[in-house]
Amino acid sequence: MWFSTAAPIDYTQTMDKNHAARRLFLGESFGVLSTLSLDVPGYPFGSITPYCGDEAGRPILYISEIAQHTKNLKADPRVSLTVVESESASDDVQSRGRLTLIGNAAPVQDGKGRAGERYFRHFSEARRYEQTHDFVFYRIDLVRLRFIGGFGQIYWVERDEFLAANPFPAAHEARIVDHMNGDHAAALRHYAGGKDAIMTGIDGEGFDLLAGDAANRRKLRIHFENPVKNMDEAREALVAMSRK
């Protein structure tokens, strides 16, 4: 079972809306995908869909060709993905961060490349879908985003303000992930608060872990104190965090 347990975000602290929107998006792992219904023309159709970010921060979906939402978006690619903050200091859902990503869905041409491998690292059980139901990777090419950080914190976010390139090429990201999982299990356990963990991805703003046993893994998003731009800076940041 999959969960996301990014730490609650304090939007009252100094954080620009673009950074806050990205932090929410990268901290979660599923949202409500809204497509335009074929069966009930003119009406939106919502479904729960896992996602991960690609090398620029665009949502990558792995969806079945026989699913209703796939049939809908193939007829009309205009979609939105709504992500809600899963962890909050308040039980009031209206106080939680929300982000709606609006764009056009299209098949990923490199589904067997970086986008696919990155998705499978985050959702390893999805590999078996390759043999069933004709699953295909889709990317949402963003047009605009609507971010709500809580009461009175409501903003439009422009596409180019939200997207940020991962400073690590695919080979470098894979090398860091493999190295941490193969040689630094104790450090990963430390980052995960004492639970067994594996790293699934890294970018300039932080890294992703899956923590807990195989039957009940939980996603953890760990944010760097300061952005990193290369492997040396990432190594220094990871070492410093392991010593805290």
# chains A, B, ... in the order shown; residues from 1 in each chain; ligands from 1

$ closest_atom_pairs --of "stretch 93-182 of chain A" --to "stretch 13-32 of chain A" --cutoff "10 Å" --atoms "only C-alpha atoms" --output "JSON lines"
{"residue": "A:Gly97", "atom": "CA", "partner": "A:Leu24", "partner_atom": "CA", "distance": 7.3}
{"residue": "A:Arg98", "atom": "CA", "partner": "A:Leu24", "partner_atom": "CA", "distance": 7.7}
{"residue": "A:Leu99", "atom": "CA", "partner": "A:Ala21", "partner_atom": "CA", "distance": 6.7}
{"residue": "A:Thr100", "atom": "CA", "partner": "A:Val32", "partner_atom": "CA", "distance": 9.1}
{"residue": "A:Leu101", "atom": "CA", "partner": "A:Phe25", "partner_atom": "CA", "distance": 9.3}
{"residue": "A:His122", "atom": "CA", "partner": "A:Ser29", "partner_atom": "CA", "distance": 8.7}
{"residue": "A:Phe123", "atom": "CA", "partner": "A:Ser29", "partner_atom": "CA", "distance": 9.5}
{"residue": "A:Leu145", "atom": "CA", "partner": "A:Ala21", "partner_atom": "CA", "distance": 8.7}
{"residue": "A:Arg146", "atom": "CA", "partner": "A:Ala21", "partner_atom": "CA", "distance": 8.7}
{"residue": "A:Phe147", "atom": "CA", "partner": "A:Ala21", "partner_atom": "CA", "distance": 6.2}
{"residue": "A:Ile148", "atom": "CA", "partner": "A:Ala21", "partner_atom": "CA", "distance": 8.4}
{"residue": "A:Gly149", "atom": "CA", "partner": "A:Ala20", "partner_atom": "CA", "distance": 8.0}
{"residue": "A:Gln153", "atom": "CA", "partner": "A:Lys17", "partner_atom": "CA", "distance": 8.8}
{"residue": "A:Ile154", "atom": "CA", "partner": "A:Lys17", "partner_atom": "CA", "distance": 9.0}
{"residue": "A:Tyr155", "atom": "CA", "partner": "A:Lys17", "partner_atom": "CA", "distance": 7.3}
{"residue": "A:Trp156", "atom": "CA", "partner": "A:Lys17", "partner_atom": "CA", "distance": 8.8}
{"residue": "A:Val157", "atom": "CA", "partner": "A:Asn18", "partner_atom": "CA", "distance": 6.5}
{"residue": "A:Glu158", "atom": "CA", "partner": "A:Asn18", "partner_atom": "CA", "distance": 8.4}
{"residue": "A:Arg159", "atom": "CA", "partner": "A:Asn18", "partner_atom": "CA", "distance": 9.6}
{"residue": "A:Asp160", "atom": "CA", "partner": "A:Asn18", "partner_atom": "CA", "distance": 9.7}
{"residue": "A:Glu161", "atom": "CA", "partner": "A:Asn18", "partner_atom": "CA", "distance": 6.2}
{"residue": "A:Phe162", "atom": "CA", "partner": "A:Asn18", "partner_atom": "CA", "distance": 5.5}
{"residue": "A:Leu163", "atom": "CA", "partner": "A:Arg22", "partner_atom": "CA", "distance": 8.1}
{"residue": "A:Ala164", "atom": "CA", "partner": "A:Arg22", "partner_atom": "CA", "distance": 9.0}

$ write_last_selection --atoms "N, CA, C and O atoms" --output "compact mmCIF listing (two decimals), in the first residue's frame"
# COMPACT_ATOMS: atom_id res chain seq x y z
N GLY A 97 -2.80 22.39 2.10
CA GLY A 97 -2.35 22.86 0.81
C GLY A 97 -2.97 22.04 -0.31
O GLY A 97 -3.14 20.82 -0.19
N ARG A 98 -3.32 22.70 -1.41
CA ARG A 98 -3.86 22.03 -2.58
C ARG A 98 -3.23 22.64 -3.83
O ARG A 98 -2.93 23.83 -3.87
N LEU A 99 -3.07 21.79 -4.81
CA LEU A 99 -2.48 22.24 -6.07
C LEU A 99 -3.22 21.57 -7.21
O LEU A 99 -3.35 20.35 -7.23
N THR A 100 -3.72 22.36 -8.15
CA THR A 100 -4.34 21.82 -9.35
C THR A 100 -3.46 22.17 -10.54
O THR A 100 -3.19 23.33 -10.83
N LEU A 101 -2.99 21.12 -11.22
CA LEU A 101 -2.11 21.27 -12.37
C LEU A 101 -2.95 21.08 -13.63
O LEU A 101 -3.55 20.02 -13.83
N HIS A 122 9.68 4.65 -8.09
CA HIS A 122 8.72 5.13 -7.11
C HIS A 122 7.59 4.13 -6.87
O HIS A 122 7.06 4.03 -5.77
N PHE A 123 7.21 3.41 -7.92
CA PHE A 123 6.09 2.45 -7.84
C PHE A 123 6.55 1.12 -8.43
O PHE A 123 6.19 0.76 -9.54
N LEU A 145 -1.19 26.53 -13.23
CA LEU A 145 -1.44 25.82 -11.99
C LEU A 145 -2.15 26.74 -11.01
O LEU A 145 -1.94 27.96 -11.00
N ARG A 146 -2.99 26.16 -10.18
CA ARG A 146 -3.70 26.89 -9.13
C ARG A 146 -3.26 26.33 -7.79
O ARG A 146 -3.47 25.14 -7.49
N PHE A 147 -2.65 27.17 -6.97
CA PHE A 147 -2.12 26.74 -5.68
C PHE A 147 -2.88 27.40 -4.54
O PHE A 147 -3.12 28.61 -4.55
N ILE A 148 -3.28 26.59 -3.56
CA ILE A 148 -3.94 27.09 -2.35
C ILE A 148 -3.13 26.61 -1.15
O ILE A 148 -3.03 25.41 -0.89
N GLY A 149 -2.55 27.55 -0.44
CA GLY A 149 -1.75 27.20 0.74
C GLY A 149 -2.56 27.21 2.01
O GLY A 149 -2.03 26.92 3.09
N GLN A 153 -4.49 32.24 1.05
CA GLN A 153 -3.25 32.04 0.29
C GLN A 153 -3.60 31.28 -0.99
O GLN A 153 -3.46 30.06 -1.07
N ILE A 154 -4.09 32.02 -1.97
CA ILE A 154 -4.60 31.44 -3.20
C ILE A 154 -3.93 32.16 -4.37
O ILE A 154 -4.01 33.38 -4.48
N TYR A 155 -3.26 31.40 -5.24
CA TYR A 155 -2.47 32.01 -6.30
C TYR A 155 -2.56 31.19 -7.59
O TYR A 155 -2.66 29.97 -7.55
N TRP A 156 -2.47 31.89 -8.71
CA TRP A 156 -2.15 31.23 -9.96
C TRP A 156 -0.63 31.14 -10.06
O TRP A 156 0.09 32.07 -9.67
N VAL A 157 -0.14 30.01 -10.56
CA VAL A 157 1.29 29.81 -10.77
C VAL A 157 1.50 29.53 -12.25
O VAL A 157 0.83 28.67 -12.83
N GLU A 158 2.41 30.26 -12.86
CA GLU A 158 2.66 30.08 -14.28
C GLU A 158 3.58 28.87 -14.52
O GLU A 158 4.41 28.53 -13.69
N ARG A 159 3.39 28.25 -15.65
CA ARG A 159 4.12 27.03 -15.99
C ARG A 159 5.63 27.18 -15.83
O ARG A 159 6.29 26.36 -15.18
N ASP A 160 6.20 28.23 -16.42
CA ASP A 160 7.65 28.39 -16.40
C ASP A 160 8.17 28.75 -15.02
O ASP A 160 9.37 28.59 -14.74
N GLU A 161 7.30 29.27 -14.15
CA GLU A 161 7.70 29.55 -12.78
C GLU A 161 7.74 28.28 -11.94
O GLU A 161 8.47 28.20 -10.95
N PHE A 162 6.94 27.29 -12.34
CA PHE A 162 6.84 26.05 -11.57
C PHE A 162 7.91 25.04 -11.96
O PHE A 162 8.50 24.38 -11.11
N LEU A 163 8.18 24.91 -13.26
CA LEU A 163 9.10 23.89 -13.73
C LEU A 163 10.54 24.24 -13.37
O LEU A 163 10.95 25.41 -13.42
N ALA A 164 11.30 23.22 -12.99
CA ALA A 164 12.71 23.39 -12.67
C ALA A 164 13.45 22.12 -13.06
O ALA A 164 13.08 21.03 -12.65

$ select_by_dssp --residues "stretch 27-197 of chain A" --states "alpha helix (DSSP H)" --output "PyMOL selection string"
chain A and resi 27+68-75+114-122+159-162+170-183+185-191

$ write_last_selection --atoms "C-alpha atoms" --output "short mmCIF file (atom, residue, chain, number, x, y, z; two decimals), in the first residue's frame"
data_model
loop_
_atom_site.label_atom_id
_atom_site.label_comp_id
_atom_site.auth_asym_id
_atom_site.auth_seq_id
_atom_site.Cartn_x
_atom_site.Cartn_y
_atom_site.Cartn_z
CA GLY A 27 5.92 15.58 -1.52
CA GLN A 68 -12.27 5.37 -18.65
CA HIS A 69 -9.98 8.33 -17.96
CA THR A 70 -7.58 7.16 -20.69
CA LYS A 71 -10.41 6.91 -23.22
CA ASN A 72 -11.51 10.40 -22.19
CA LEU A 73 -8.11 12.05 -22.54
CA LYS A 74 -7.42 10.35 -25.87
CA ALA A 75 -10.56 12.05 -27.18
CA ARG A 114 14.13 7.91 -17.94
CA ALA A 115 10.47 8.71 -17.37
CA GLY A 116 9.55 5.04 -17.12
CA GLU A 117 12.49 4.03 -14.94
CA ARG A 118 11.91 6.95 -12.59
CA TYR A 119 8.23 6.00 -12.26
CA PHE A 120 9.08 2.33 -11.60
CA ARG A 121 11.54 3.29 -8.87
CA HIS A 122 8.72 5.13 -7.11
CA ARG A 159 4.12 27.03 -15.99
CA ASP A 160 7.65 28.39 -16.40
CA GLU A 161 7.70 29.55 -12.78
CA PHE A 162 6.84 26.05 -11.57
CA ALA A 170 19.57 10.21 -15.68
CA ALA A 171 22.84 8.29 -15.27
CA HIS A 172 23.96 10.47 -12.34
CA GLU A 173 20.61 10.18 -10.57
CA ALA A 174 20.65 6.39 -10.99
CA ARG A 175 24.24 6.24 -9.70
CA ILE A 176 23.40 8.22 -6.56
CA VAL A 177 20.28 6.13 -5.90
CA ASP A 178 22.13 2.82 -6.40
CA HIS A 179 25.06 3.97 -4.26
CA MET A 180 22.86 5.09 -1.37
CA ASN A 181 20.76 1.92 -1.48
CA GLY A 182 23.77 -0.37 -1.80
CA ASP A 183 26.23 1.24 0.60
CA ALA A 185 21.40 1.71 4.40
CA ALA A 186 22.14 3.11 7.86
CA ALA A 187 22.05 6.70 6.58
CA LEU A 188 18.75 6.07 4.78
CA ARG A 189 17.32 4.57 7.97
CA HIS A 190 18.46 7.70 9.81
CA TYR A 191 16.74 9.98 7.29
#

$ residues_around --residues "A:His223" --least-positions-apart "3" --cutoff "10 Å" --atoms "only C-alpha atoms" --output "PyMOL selection string"
chain A and resi 6-7+23+26-27+202-208+220+226-227

$ residues_around --residues "A:Ala237" --least-positions-apart "5" --cutoff "9 Å" --atoms "only C-alpha atoms" --output "NGL selection string"
:A and (224-226 or 228 or 232 or 242)

$ write_last_selection --atoms "N, CA, C and O atoms" --output "CSV table (one decimal), in the first residue's frame"
chain,number,residue,atom,x,y,z
A,224,PHE,N,16.3,19.3,0.9
A,224,PHE,CA,17.6,19.9,1.3
A,224,PHE,C,17.4,21.2,1.9
A,224,PHE,O,16.5,22.0,1.5
A,225,GLU,N,18.3,21.6,2.8
A,225,GLU,CA,18.3,22.9,3.4
A,225,GLU,C,18.5,24.0,2.4
A,225,GLU,O,17.9,25.0,2.4
A,226,ASN,N,19.5,23.7,1.5
A,226,ASN,CA,19.7,24.6,0.4
A,226,ASN,C,19.8,23.8,-0.9
A,226,ASN,O,20.2,22.6,-0.9
A,228,VAL,N,20.9,21.9,-4.3
A,228,VAL,CA,22.2,21.4,-4.7
A,228,VAL,C,22.2,21.5,-6.3
A,228,VAL,O,21.2,21.3,-6.9
A,232,ASP,N,28.8,16.6,-6.2
A,232,ASP,CA,29.6,16.9,-5.0
A,232,ASP,C,28.7,17.6,-4.0
A,232,ASP,O,28.9,17.3,-2.8
A,242,SER,N,23.2,13.2,7.5
A,242,SER,CA,23.4,11.9,8.2
A,242,SER,C,24.0,12.1,9.6
A,242,SER,O,23.9,11.3,10.5
